[in-house]
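**Student:** Structure incoming, see below.
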Amino acid sequence: MSHNHSHISIDPVTRLEGHGKIEIFLNAAGEVENAYLQVPELRGFEKFSQGREAIAMPEITSRICGVCSPSHHLASVKALDAAFSAPPTVPARKIRELMYNGYMIYDHILHFFYLGGPDFVVGPKAEKGKRNILGVIEKVSPEFAKDVIRHRSYGQKIIEIISGKPISPVCGIPGGVNKKLKPEDVAEIKKMGESSIIFVQKTLDLFRDLVLANKDYLNLILNPIYRLECYDMSLVDENNRFKFYDGIIRVTAPDGKEAFKFPAADYLEYIAEKVVPWSYVKIPYLKKIGWKDAQAGADSGFYRVGPLARLNVCDGMTTPLAQKEYEKYFSTLGGKPVHNTLAYHWARLVELLHAAEMVVRLADDPDVIREEIRQPVGAAGEGVGVVEAARGTLIHHYKLTPERLIEKANMIVATTHNKMPICLSIRDAAKGLIKGGAPDEGTLNMIEMAFRAYDPCFACASHVIEGGVGFDIVIHDHRGDMIFQRSRDLTLL
Amino acid sequence: MNPPKTLILGIGNAIRGDDAIGLLLARELAKDPPPETTVRELETSGFEILDTIAGFSTVIIIDAMRAKKDDSVGEVICAPLDASHPTATLLPSHGFDFSQLIQTWRRAHPERIPADIFFILIKAADVDEFREGLSRPLQMKFAQILDDVRAEIKNLLRLD
């Protein structure tokens with residue numbers, strides 16, 4: 001370790017999937033010089049995929065992550081749609097989209113109430129033991145807790161009805177889906193969607209009463225230490241409107257203007273990945289803008305994905321209630337684009353409302369009970385599938401052999417897109433909050449809030465019980481010199 | 001006849017190397033299940049575990065944990081769920097603290113949460129790479145691990 005650096009560790013990063021660790025480096029004056037987020041990232045997807053039957057990929061990849069399985073499933077099946085030149089039939093596309101909005105309901109509810117929400121609902125400097133879902137219940141009401149549990153389960157139930165399984169869905173096949181929907185299924189889904197709309201509206205009222213009406217919290221959202229001006233990326237429809245399931249990739253610049261728009265299949269022309277010495281995963285950036293080490297801004301190709309980016313990128317929502325909320329969001333936060341990292345939480349609620357509305361809209365659509373749910377596939381080729389996962393843009397890219405085996409595979413998950421912005425957000429928050437000496441627990445939590453807003457999902461497989469962690473963490477500086485190394489030594493039980 | 005009120009739940013990820021150990025052990029246990037138990041596999045965590053365990057009176061969850069040292073791979077640890085210690089590092093499905101989840105559900109649906117929840121944890125070697133199948137060290141010890149797990153279950157359920 002360099003002699004003129006000292007460090008503060010926040011470990012473990014609570015309420016983060018997987019097991020994260022923030023490293024903050026101080027200079028000799030005790031001021032923050034840099035910050036990194038270290039996580040045990042999963043490796044080897046390409047090698048794992050090579051030689052497998054392509055048709056098996058949607059099922060296999062849905063098991064990558066227990067929480068994001070519908071995203072991986074649909075990104076994978078869309079890659080195969082393209083590789084087999086078999087776009088889904090209209091009913092199949094709508095059935096997939098219906099399932100996907102169910103996924104958004106359960107996933108966004110989880111994040112707001114269990115992960116990010118406690119910071120606001122309970123308070124960023126509240127006692128550590130209260131900054132969790134139990135604290136939220138205490139602050140709101142046990143009855144509301146029942147509503148949270150019920151509506152999360154609705155999201156999962158919608159997936160189960162459509163795919164046969166509440167997790168790791170298997171309904172998508174190249175060119176369509178493998179199961180028709182019955183009118184009674186659709187009626188049940190619609191009821192759950194209607195109830196979800198009411199629930200989300202109550203949640204938004206709660207957010208307004210507890211967060212927006214609190215001047216301190218609003219100031220926190222608008223605080224420059226939680227602001228990162230960079231590019232944003234998301235799918236949009238043909239009218240540049242909001243879209244989870246498909247569309248064209250649009251990138252907007254820090255000033256909000258459109259920078260690029262391209263079909264998913266062209267992503268490699270726009271997105272490059274760079275190896276850095278401090279991370280197992282490569283860091284993506286916009287190729288045409290270029291790499292600027294640890295810098296945001298218009299001259300640096302780093303970009304964000306996820307709820308905040310999606311609202312910045314699109315020109316509006318496609319459902320009426322979410323559109324109204326979208327307008328309130330931007331008018332309250334000073335207009336487009338919003339670069340305030342903590343606004344991710346509100347953006348997530350706008351999306352949650354949209355998802356609930358979409359469930360009702362699609363359930364009302366007679367196409368979802370039509371018979372034509374698949375079409376024949378063509379010769380094997382190459383395909384890219386993109387969806388907006390709960391955490392942001394998810395890309396699956398497969399090249400197939402003529403025998404329909406995977407020859408090459410690539411995957412970029414949302415948190416990988418966000419990796420550098422997360423690090424920059426942590427650094428900037430730490431710089432604003434740590435002014436020499438050891439920070440207190442509340443300050444450390446406020447630093448964690450800078451990345452928790454992104455809803456990061458690093459390990460992409462979420463159920464190892466992590467006790468003693470036996471690997472070294474090695475960190476290098478921007479010159480590539482190693483400045484820190486130690487073994488993590490946590491004790492379970 | 002009432003269904004068994006004890007659930008043995010193997011959890012893990014089948015494509016994440018040694019994280020599959022909980023699933024594989026449950027599969028073996030299901031071939032000759034302990035008396036009056038239901039054995040299931042589950043490839044996820046967090047809330048989905050709650051959905052699965054709801055309605056049982058006793059639950060034994062079998063899962064992997066990272067081995068701190070190579071020579072401890074395959075070691076079996078048994079522990080009750082204890083609300084007093086942090087489990088944010090346990091079952092980190094997007095960081096949910098499992099004991100918090102249980103407490104949340106107890107408040108909302110007290111009748112649905114099992115009275116007794118235990119963990120049987122197997123120290124694993126490799127969980128950070130996409131891979132099917134266990135690592136060689138865990139494969140070599142699998143039979144012994146299965147015996148140890150059966151013994152732990154017998155002890156927990158006071159089966160003689």
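Identifiers for the structure tokens are assigned positionally: chains receive A, B, ... in sequence, residues are indexed from 1 per chain, and ligands are indexed from 1 in the order shown.
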Please provide as a ChimeraX atom specification all residues within 9 Å of Leu204 in chain A, with the sequence filter that same-chain residues fewer than 4 positions apart are discarded (counting only C-alpha atoms).

**Tutor:** /A:199-200,208-209,325,346,349-350,353

**Student:** For those residues, write C-alpha atoms to a file as a compact mmCIF listing (two decimals), in the first residue's frame.

**Tutor:**
```txt
# COMPACT_ATOMS: atom_id res chain seq x y z
CA PHE A 199 -51.14 0.13 -4.71
CA VAL A 200 -48.50 2.06 -6.68
CA ARG A 208 -44.67 12.47 -1.72
CA ASP A 209 -45.64 12.69 1.96
CA GLU A 325 -46.06 11.16 -12.80
CA TRP A 346 -38.61 8.13 -7.79
CA LEU A 349 -41.81 4.30 -8.92
CA VAL A 350 -42.84 6.02 -12.16
CA LEU A 353 -46.85 2.61 -12.22
```

**Student:** For the alpha helix (DSSP H) assignment from backbone DSSP, which residues of range 248-434 of chain A qualify? Please present them as a ChimeraX atom specification.

**Tutor:** /A:267-270,307-313,320-332,344-363,414-417,419-433

**Student:** Convert the current residue selection to file output with C-alpha atoms, as a PDB file, in the first residue's frame.

**Tutor:**
```
ATOM      1  CA  TYR A 267     -24.374  -2.293 -30.306  1.00  0.00           C
ATOM      2  CA  LEU A 268     -20.724  -3.179 -30.905  1.00  0.00           C
ATOM      3  CA  GLU A 269     -20.362  -0.152 -33.173  1.00  0.00           C
ATOM      4  CA  TYR A 270     -21.309   2.089 -30.280  1.00  0.00           C
ATOM      5  CA  PRO A 307     -34.810   3.935 -14.277  1.00  0.00           C
ATOM      6  CA  LEU A 308     -33.173   7.360 -14.080  1.00  0.00           C
ATOM      7  CA  ALA A 309     -31.537   6.934 -17.493  1.00  0.00           C
ATOM      8  CA  ARG A 310     -34.719   5.541 -19.041  1.00  0.00           C
ATOM      9  CA  LEU A 311     -36.771   8.565 -18.055  1.00  0.00           C
ATOM     10  CA  ASN A 312     -34.048  10.892 -19.325  1.00  0.00           C
ATOM     11  CA  VAL A 313     -33.755   9.077 -22.633  1.00  0.00           C
ATOM     12  CA  PRO A 320     -51.542   7.982 -18.897  1.00  0.00           C
ATOM     13  CA  LEU A 321     -50.950   7.763 -15.148  1.00  0.00           C
ATOM     14  CA  ALA A 322     -47.235   7.161 -15.531  1.00  0.00           C
ATOM     15  CA  GLN A 323     -47.051  10.066 -17.982  1.00  0.00           C
ATOM     16  CA  LYS A 324     -48.539  12.393 -15.365  1.00  0.00           C
ATOM     17  CA  GLU A 325     -46.061  11.160 -12.799  1.00  0.00           C
ATOM     18  CA  TYR A 326     -43.217  11.543 -15.329  1.00  0.00           C
ATOM     19  CA  GLU A 327     -44.193  15.188 -15.778  1.00  0.00           C
ATOM     20  CA  LYS A 328     -44.293  15.788 -12.007  1.00  0.00           C
ATOM     21  CA  TYR A 329     -40.921  14.096 -11.661  1.00  0.00           C
ATOM     22  CA  PHE A 330     -39.205  16.428 -14.113  1.00  0.00           C
ATOM     23  CA  SER A 331     -41.006  19.580 -13.000  1.00  0.00           C
ATOM     24  CA  THR A 332     -40.061  18.919  -9.365  1.00  0.00           C
ATOM     25  CA  TYR A 344     -33.404   6.750  -9.336  1.00  0.00           C
ATOM     26  CA  HIS A 345     -35.849   5.860  -6.554  1.00  0.00           C
ATOM     27  CA  TRP A 346     -38.615   8.130  -7.791  1.00  0.00           C
ATOM     28  CA  ALA A 347     -37.962   7.134 -11.392  1.00  0.00           C
ATOM     29  CA  ARG A 348     -38.374   3.519 -10.312  1.00  0.00           C
ATOM     30  CA  LEU A 349     -41.812   4.296  -8.919  1.00  0.00           C
ATOM     31  CA  VAL A 350     -42.836   6.025 -12.162  1.00  0.00           C
ATOM     32  CA  GLU A 351     -41.812   2.848 -13.975  1.00  0.00           C
ATOM     33  CA  LEU A 352     -43.668   0.697 -11.480  1.00  0.00           C
ATOM     34  CA  LEU A 353     -46.850   2.606 -12.222  1.00  0.00           C
ATOM     35  CA  HIS A 354     -46.236   2.181 -15.944  1.00  0.00           C
ATOM     36  CA  ALA A 355     -45.725  -1.578 -15.489  1.00  0.00           C
ATOM     37  CA  ALA A 356     -49.023  -1.936 -13.609  1.00  0.00           C
ATOM     38  CA  GLU A 357     -50.840   0.053 -16.284  1.00  0.00           C
ATOM     39  CA  MET A 358     -49.254  -2.047 -19.012  1.00  0.00           C
ATOM     40  CA  VAL A 359     -50.432  -5.246 -17.341  1.00  0.00           C
ATOM     41  CA  VAL A 360     -54.016  -4.002 -17.498  1.00  0.00           C
ATOM     42  CA  ARG A 361     -53.625  -2.700 -21.049  1.00  0.00           C
ATOM     43  CA  LEU A 362     -52.151  -5.943 -22.346  1.00  0.00           C
ATOM     44  CA  ALA A 363     -54.676  -8.049 -20.438  1.00  0.00           C
ATOM     45  CA  ALA A 414     -27.135  -3.549 -16.507  1.00  0.00           C
ATOM     46  CA  THR A 415     -24.789  -3.252 -13.574  1.00  0.00           C
ATOM     47  CA  THR A 416     -21.808  -3.648 -15.881  1.00  0.00           C
ATOM     48  CA  HIS A 417     -23.011  -0.671 -17.930  1.00  0.00           C
ATOM     49  CA  LYS A 419     -20.051   0.095 -13.148  1.00  0.00           C
ATOM     50  CA  MET A 420     -18.027   3.278 -13.762  1.00  0.00           C
ATOM     51  CA  PRO A 421     -20.880   5.687 -12.953  1.00  0.00           C
ATOM     52  CA  ILE A 422     -21.393   3.794  -9.682  1.00  0.00           C
ATOM     53  CA  CYS A 423     -17.725   4.223  -8.800  1.00  0.00           C
ATOM     54  CA  LEU A 424     -17.827   7.909  -9.727  1.00  0.00           C
ATOM     55  CA  SER A 425     -21.006   8.412  -7.692  1.00  0.00           C
ATOM     56  CA  ILE A 426     -19.407   6.800  -4.668  1.00  0.00           C
ATOM     57  CA  ARG A 427     -16.278   8.893  -5.081  1.00  0.00           C
ATOM     58  CA  ASP A 428     -18.204  12.152  -5.357  1.00  0.00           C
ATOM     59  CA  ALA A 429     -20.441  11.355  -2.394  1.00  0.00           C
ATOM     60  CA  ALA A 430     -17.427  10.410  -0.319  1.00  0.00           C
ATOM     61  CA  LYS A 431     -15.628  13.592  -1.330  1.00  0.00           C
ATOM     62  CA  GLY A 432     -18.596  15.652  -0.205  1.00  0.00           C
ATOM     63  CA  LEU A 433     -19.177  13.807   3.037  1.00  0.00           C
TER      64      LEU A 433
END
```

**Student:** When you look at Arg131 in chain B with a cut-off of 7 Å (counting only C-alpha atoms), what residues show up, excluding the ones that are within fewer than 5 positions of it in the same chain? I need them as a PyMOL selection string.

**Tutor:** (chain A and resi 48) or (chain B and resi 15-17)

**Student:** If we count only C-alpha atoms, what is near Ala83 in chain A at a cut-off of 9 Å, once residues fewer than 5 positions away on the same chain are taken out, given as a list in words?

**Tutor:** Lys78, Pro174, Gly378, Ala379, Ala380, Gly381, Glu382, Gly383, Val384, Tyr398, Lys399 and Leu400 of chain A

**Student:** Pick out the closest residue to chain B from this set: A:Ala126, A:Pro456, A:Met446, A:Asp440. Count only C-alpha atoms.

**Tutor:**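 Checking each candidate against chain B, we get A:Pro456 as the closest.
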
**Student:** I need the residue nearest chain B from this list: A:Ser153, A:Asn410, A:Thr89, A:Ser71. Use only C-alpha atoms for the distance.

**Tutor:**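 With only C-alpha atoms as the atom set, the closest residue is A:Ser153.
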
**Student:** Ranking A:Leu206, A:Val387, A:Asp246, A:Ile159 by minimum distance to Lys139 in chain A and counting only C-alpha atoms, which one comes first?

**Tutor:**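 Result for the nearest residue to Lys139 in chain A: A:Leu206.
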
**Student:** Of the candidates B:Lys5, B:Lys123, B:Arg112, B:Lys31, which one gets nearest to chain A if we count only C-alpha atoms?

**Tutor:**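 The closest residue to chain A is B:Lys123.
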
**Student:** CA of Ile412 in chain A and CA of Gly301 in chain A are how many Å apart?

**Tutor:**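 Straight-line distance from CA of Ile412 in chain A to CA of Gly301 in chain A works out to 16.2 Å.
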
**Student:** Pick out the residues sitting within 8 Å of Asp126 in chain B, and hand them over as a list in words; count only C-alpha atoms, and ignore anything fewer than 6 positions along from it in its own chain.

**Tutor:**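 Counting only C-alpha atoms, the residues come to Gly17, Asp18, Asp19, Arg66 and Ser135 of chain B.
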
**Student:** Find the residues near Leu74 in chain A: any atom within 12 Å, counting only C-alpha atoms, skip ones fewer than 4 places away on the same chain, and give them as a ChimeraX atom specification.

**Tutor:** /A:57-62,68-70,78-81,88,92-93,95-101,103,163,168-177,244-246,384-389,394-396

**Student:** Write a file of the just-selected residues containing C-alpha atoms, as a CSV table (one decimal), in the first residue's frame.

**Tutor:**
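Final output, saved to result-v9.csv:
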```
chain,number,residue,atom,x,y,z
A,57,MET,CA,-30.0,-20.8,-23.9
A,58,PRO,CA,-33.2,-19.1,-22.8
A,59,GLU,CA,-33.8,-21.7,-20.1
A,60,ILE,CA,-30.2,-21.8,-19.0
A,61,THR,CA,-29.7,-18.0,-18.9
A,62,SER,CA,-32.9,-17.6,-16.9
A,68,CYS,CA,-33.6,-11.0,-12.8
A,69,SER,CA,-34.4,-14.3,-14.5
A,70,PRO,CA,-37.2,-13.0,-16.7
A,78,LYS,CA,-34.9,-12.4,-28.5
A,79,ALA,CA,-31.3,-13.1,-29.5
A,80,LEU,CA,-32.5,-16.4,-30.8
A,81,ASP,CA,-35.5,-14.8,-32.6
A,88,PRO,CA,-42.3,-13.5,-32.6
A,92,ALA,CA,-46.4,-14.0,-28.6
A,93,ARG,CA,-44.8,-10.6,-28.4
A,95,ILE,CA,-47.7,-12.3,-24.1
A,96,ARG,CA,-44.0,-11.9,-23.5
A,97,GLU,CA,-44.5,-8.2,-22.7
A,98,LEU,CA,-47.3,-9.0,-20.3
A,99,MET,CA,-45.0,-11.4,-18.4
A,100,TYR,CA,-42.3,-8.8,-18.4
A,101,ASN,CA,-44.4,-6.1,-16.9
A,103,TYR,CA,-41.6,-9.0,-13.5
A,163,SER,CA,-44.6,-19.2,-18.0
A,168,SER,CA,-36.7,-18.9,-14.1
A,169,PRO,CA,-39.5,-18.7,-16.7
A,170,VAL,CA,-39.3,-20.9,-19.7
A,171,CYS,CA,-42.2,-19.6,-21.9
A,172,GLY,CA,-40.2,-18.0,-24.6
A,173,ILE,CA,-39.0,-19.9,-27.6
A,174,PRO,CA,-37.5,-18.6,-30.9
A,175,GLY,CA,-40.4,-17.1,-32.9
A,176,GLY,CA,-42.9,-17.1,-30.1
A,177,VAL,CA,-44.0,-18.6,-26.8
A,244,PHE,CA,-39.2,-2.1,-21.4
A,245,TYR,CA,-39.4,-5.0,-23.7
A,246,ASP,CA,-38.1,-3.9,-27.1
A,384,VAL,CA,-28.6,-9.8,-30.5
A,385,GLY,CA,-31.4,-9.6,-28.0
A,386,VAL,CA,-31.9,-6.5,-25.8
A,387,VAL,CA,-34.4,-5.8,-23.1
A,388,GLU,CA,-34.6,-3.1,-20.4
A,389,ALA,CA,-34.1,-5.2,-17.2
A,394,LEU,CA,-29.4,-6.1,-20.8
A,395,ILE,CA,-27.7,-7.4,-24.0
A,396,HIS,CA,-27.4,-11.0,-25.1
```

**Student:** Identify, on the basis of only C-alpha atoms, every residue whose closest approach to Trp105 in chain B does not exceed 10 Å; exclude the query and any residue fewer than 4 positions from it along the same chain; express the result as an MDAnalysis selection string.

**Tutor:** (chainID A and resid 134 145:146 149) or (chainID B and resid 47 50 54 99:101 109:113)
